[in-house]
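Okay, structure first, notes after.
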Amino acid sequence: LVTTDTPLPFRELCARIHDRIAAFLDAKDVSDRVKSVQAQTRLSLDIIDRALAQYSLPELSLAYNGGKDCLVLLILYLCALHKRGLTNTSNPSSNIETAVQCVYIQDAHPFSEVEEFVTQCIKTYSLALLEYAKPMKAAFADYLRDTPSVKAILVGTRRTDPHGEYLKHFDPTDSGWPKFVRVHPVIDWHYVEIWTFIRHLNIPYCTLYDRGYTSLGGTTDTQPNPALARQPSSSQTTQLGAVNGAVNGTPKPIFRPAYELEDDYEERLGRDR
Ligand code: FAD
Ligand code: MG
Ligand code: MG
């Protein structure tokens, strides 16, 4: 989808993403899992389209931290922009430079892999991304001050996240938070559906996920998911032990990739709480 070193022009990128998603939605004779992802995709595109009907582009932003959920959200957003004809340079109401406003709040101890992935995404997807390094509430207060046109922010929270249980598709922020509307287009996607979408559409993702991380925080509170640990077989021990820097003949467990996890509620087992 997006593998070349020279990024596609924004309009072409969105058109290509749109066509891939349209083909995905048209696919018949697919597994039940893919069918459920097709249904989720339609629903999410509908929510994003409602947001685009209600808000102009300068009023909309996307909370982007390089994680898998907001990656799916971003791809769907680009698809929805194409559908509404909002990626065309000749359209005076859409400025290519600011087509995708994003806000990224850097963790106090960020993974370099996450930082690199976000930087790559800025290039690939032409993101107008502002970055803040402070607690979330303060960061959003600064963001609204710096970008006063923003009225609504798309967020990749899902139902099984902390605080996700009672969210609707559109929610004003809670009291005590800077005032804007949160839009939650992927709120009811399951963990496996996120990965099915990413892998089916061949979307590049942060490399940490291939090393058993399933939920990304900072380096001090995030480990690979223990549910994905596997002991190498004895014939592999020497080789893999060496690769993983094992000492005293005890190989470190290696981890299966994030997309092999199934259970929504096991997603955060690698996170300190
Ligand atoms: P994740 O899966 O990591 O995050 C879920 C989604 O949140 C991501 O897909 C992404 O879209 C966004 N996000 C998370 N971390 C970042 C980051 N560092 N930079 C940019 N985007 C990020 N909590 C309240 O109690 N009341 C509120 O009114 C409220 N408003 C919020 C508004 C926004 C725009 C955001 C991003 C968060 C808000 N939160 C609010 C906090 C929210 O409930 C989560 O605690 C927070 O998103 C962290 O999510 P997570 O790490 O649990 O899950
Ligand atoms: Mg998440
Ligand atoms: Mg998080």
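Residue numbering restarts at 1 for every chain of the structure tokens, chains are lettered A, B, ... in their displayed order, and ligands are numbered from 1 as they appear.
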
Enumerate, in order of chain and increasing residue number, the residues of chain A with an atom no farther than 9 Å from ligand 3, each with its shortest atom pair and distance in Å to one decimal, counting only C-alpha atoms and all ligand atoms, as JSON lines.
{"residue": "A:Asn65", "atom": "CA", "partner": "ligand 3", "partner_atom_place_in_ligand_line": "1 (Mg)", "distance": 7.7}
{"residue": "A:Gly67", "atom": "CA", "partner": "ligand 3", "partner_atom_place_in_ligand_line": "1 (Mg)", "distance": 7.6}
{"residue": "A:Asp107", "atom": "CA", "partner": "ligand 3", "partner_atom_place_in_ligand_line": "1 (Mg)", "distance": 8.9}
{"residue": "A:Ser215", "atom": "CA", "partner": "ligand 3", "partner_atom_place_in_ligand_line": "1 (Mg)", "distance": 6.9}
{"residue": "A:Leu216", "atom": "CA", "partner": "ligand 3", "partner_atom_place_in_ligand_line": "1 (Mg)", "distance": 5.7}
{"residue": "A:Gly217", "atom": "CA", "partner": "ligand 3", "partner_atom_place_in_ligand_line": "1 (Mg)", "distance": 5.1}
{"residue": "A:Gly218", "atom": "CA", "partner": "ligand 3", "partner_atom_place_in_ligand_line": "1 (Mg)", "distance": 8.5}

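A distance search around ligand 2 (9 Å at most, only C-alpha atoms and all ligand atoms) returns the following protein and nucleic acid residues: Gly67, Lys68, Asp69, Cys70, Gly156, Thr157, Arg158, Thr160, Asp161, Tyr191, Thr214, Ser215, Leu216 and Glu267 of chain A.
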
List every residue of segment 35-242 of chain A that DSSP, applied to the backbone of this structure, assigns to strand (DSSP E), and report them as a ChimeraX atom specification. /A:60-63,100-105,127-132,152-154,170-172,181-183,229-230

Near-ligand residues for ligand 1, threshold 9 Å, only C-alpha atoms and all ligand atoms, as a ChimeraX atom specification: /A:61-73,102-107,131-133,135-137,140,152-158,161-164,171-184,186,215-217

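The gap separating atom CA of Ala15 of chain A from atom CA of Leu78 of chain A is 8.4 Å, in Å to one decimal.
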
Counting only C-alpha atoms, what is within 12 Å of Cys121 of chain A, bar same-chain residues fewer than 2 positions away, as a CSV table (one decimal) with N, CA and C atoms, in the first residue's frame?
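As written to disk, part_6.csv reads:
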chain,number,residue,atom,x,y,z
A,2,VAL,N,1.9,1.3,0.9
A,2,VAL,CA,2.7,2.5,1.1
A,2,VAL,C,4.1,2.1,1.4
A,3,THR,N,4.8,1.6,0.4
A,3,THR,CA,6.1,1.0,0.7
A,3,THR,C,7.2,1.8,0.0
A,5,ASP,N,9.9,4.8,-1.1
A,5,ASP,CA,10.6,5.8,-0.3
A,5,ASP,C,10.0,7.2,-0.6
A,7,PRO,N,6.9,9.3,-1.0
A,7,PRO,CA,5.5,9.1,-0.7
A,7,PRO,C,4.7,9.5,-1.9
A,64,TYR,N,-3.1,10.9,17.3
A,64,TYR,CA,-2.3,9.8,16.6
A,64,TYR,C,-1.1,9.5,17.5
A,65,ASN,N,-0.9,8.3,18.0
A,65,ASN,CA,0.3,8.0,18.7
A,65,ASN,C,1.0,6.8,18.1
A,66,GLY,N,0.7,6.5,16.8
A,66,GLY,CA,1.5,5.4,16.1
A,66,GLY,C,1.0,4.0,16.5
A,67,GLY,N,0.0,3.9,17.3
A,67,GLY,CA,-0.5,2.6,17.7
A,67,GLY,C,-1.4,2.0,16.6
A,70,CYS,N,-5.3,3.7,16.2
A,70,CYS,CA,-5.4,5.0,15.5
A,70,CYS,C,-4.8,4.9,14.1
A,71,LEU,N,-4.0,3.8,13.8
A,71,LEU,CA,-3.5,3.6,12.5
A,71,LEU,C,-4.7,3.2,11.6
A,74,LEU,N,-6.8,6.2,11.0
A,74,LEU,CA,-6.2,7.1,10.1
A,74,LEU,C,-6.5,6.6,8.6
A,75,ILE,N,-6.3,5.3,8.4
A,75,ILE,CA,-6.5,4.8,7.0
A,75,ILE,C,-8.0,5.0,6.6
A,100,VAL,N,-4.9,16.5,7.0
A,100,VAL,CA,-4.9,15.6,8.1
A,100,VAL,C,-4.2,16.2,9.3
A,102,CYS,N,-3.2,16.3,13.0
A,102,CYS,CA,-3.0,15.3,14.0
A,102,CYS,C,-2.4,15.9,15.3
A,104,TYR,N,-0.1,14.5,18.7
A,104,TYR,CA,0.7,13.3,19.2
A,104,TYR,C,1.2,13.8,20.6
A,114,VAL,N,8.5,3.7,18.2
A,114,VAL,CA,7.3,4.4,18.1
A,114,VAL,C,7.5,5.8,17.4
A,115,GLU,N,8.6,6.5,18.0
A,115,GLU,CA,8.9,7.8,17.4
A,115,GLU,C,9.2,7.7,15.9
A,116,GLU,N,10.0,6.6,15.6
A,116,GLU,CA,10.4,6.5,14.1
A,116,GLU,C,9.1,6.2,13.3
A,117,PHE,N,8.2,5.4,13.8
A,117,PHE,CA,7.0,5.1,13.1
A,117,PHE,C,6.2,6.3,12.9
A,118,VAL,N,6.0,7.1,13.9
A,118,VAL,CA,5.2,8.3,13.8
A,118,VAL,C,5.9,9.3,12.7
A,119,THR,N,7.2,9.4,12.8
A,119,THR,CA,7.9,10.2,11.8
A,119,THR,C,7.7,9.7,10.4
A,123,LYS,N,5.4,11.5,6.9
A,123,LYS,CA,5.8,11.6,5.5
A,123,LYS,C,4.8,10.9,4.6
A,124,THR,N,4.6,9.6,5.0
A,124,THR,CA,3.8,8.8,4.1
A,124,THR,C,2.4,9.3,3.9
A,125,TYR,N,1.8,9.8,5.0
A,125,TYR,CA,0.4,10.2,5.0
A,125,TYR,C,0.2,11.7,5.0
A,126,SER,N,1.3,12.5,4.8
A,126,SER,CA,1.2,14.0,4.8
A,126,SER,C,0.5,14.5,6.0
A,127,LEU,N,0.9,14.1,7.2
A,127,LEU,CA,0.2,14.5,8.4
A,127,LEU,C,0.7,15.9,8.8
A,128,ALA,N,-0.2,16.7,9.2
A,128,ALA,CA,0.2,18.0,9.9
A,128,ALA,C,0.1,17.7,11.3
A,129,LEU,N,1.2,17.2,11.9
A,129,LEU,CA,1.1,16.7,13.3
A,129,LEU,C,1.8,17.6,14.2
A,203,ILE,N,-1.0,-2.9,5.6
A,203,ILE,CA,-0.6,-1.5,6.1
A,203,ILE,C,0.6,-1.6,7.0
A,204,PRO,N,1.7,-0.9,6.7
A,204,PRO,CA,2.9,-0.9,7.5
A,204,PRO,C,2.5,-0.5,9.0
A,205,TYR,N,3.1,-1.1,9.9
A,205,TYR,CA,2.8,-0.8,11.3
A,205,TYR,C,4.1,-0.8,12.1
A,206,CYS,N,4.0,-0.3,13.4
A,206,CYS,CA,5.2,-0.1,14.2
A,206,CYS,C,5.9,-1.5,14.5

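Here atom CA of Leu269 of chain A stands at a distance of 18.6 Å from atom CA of Thr207 of chain A.
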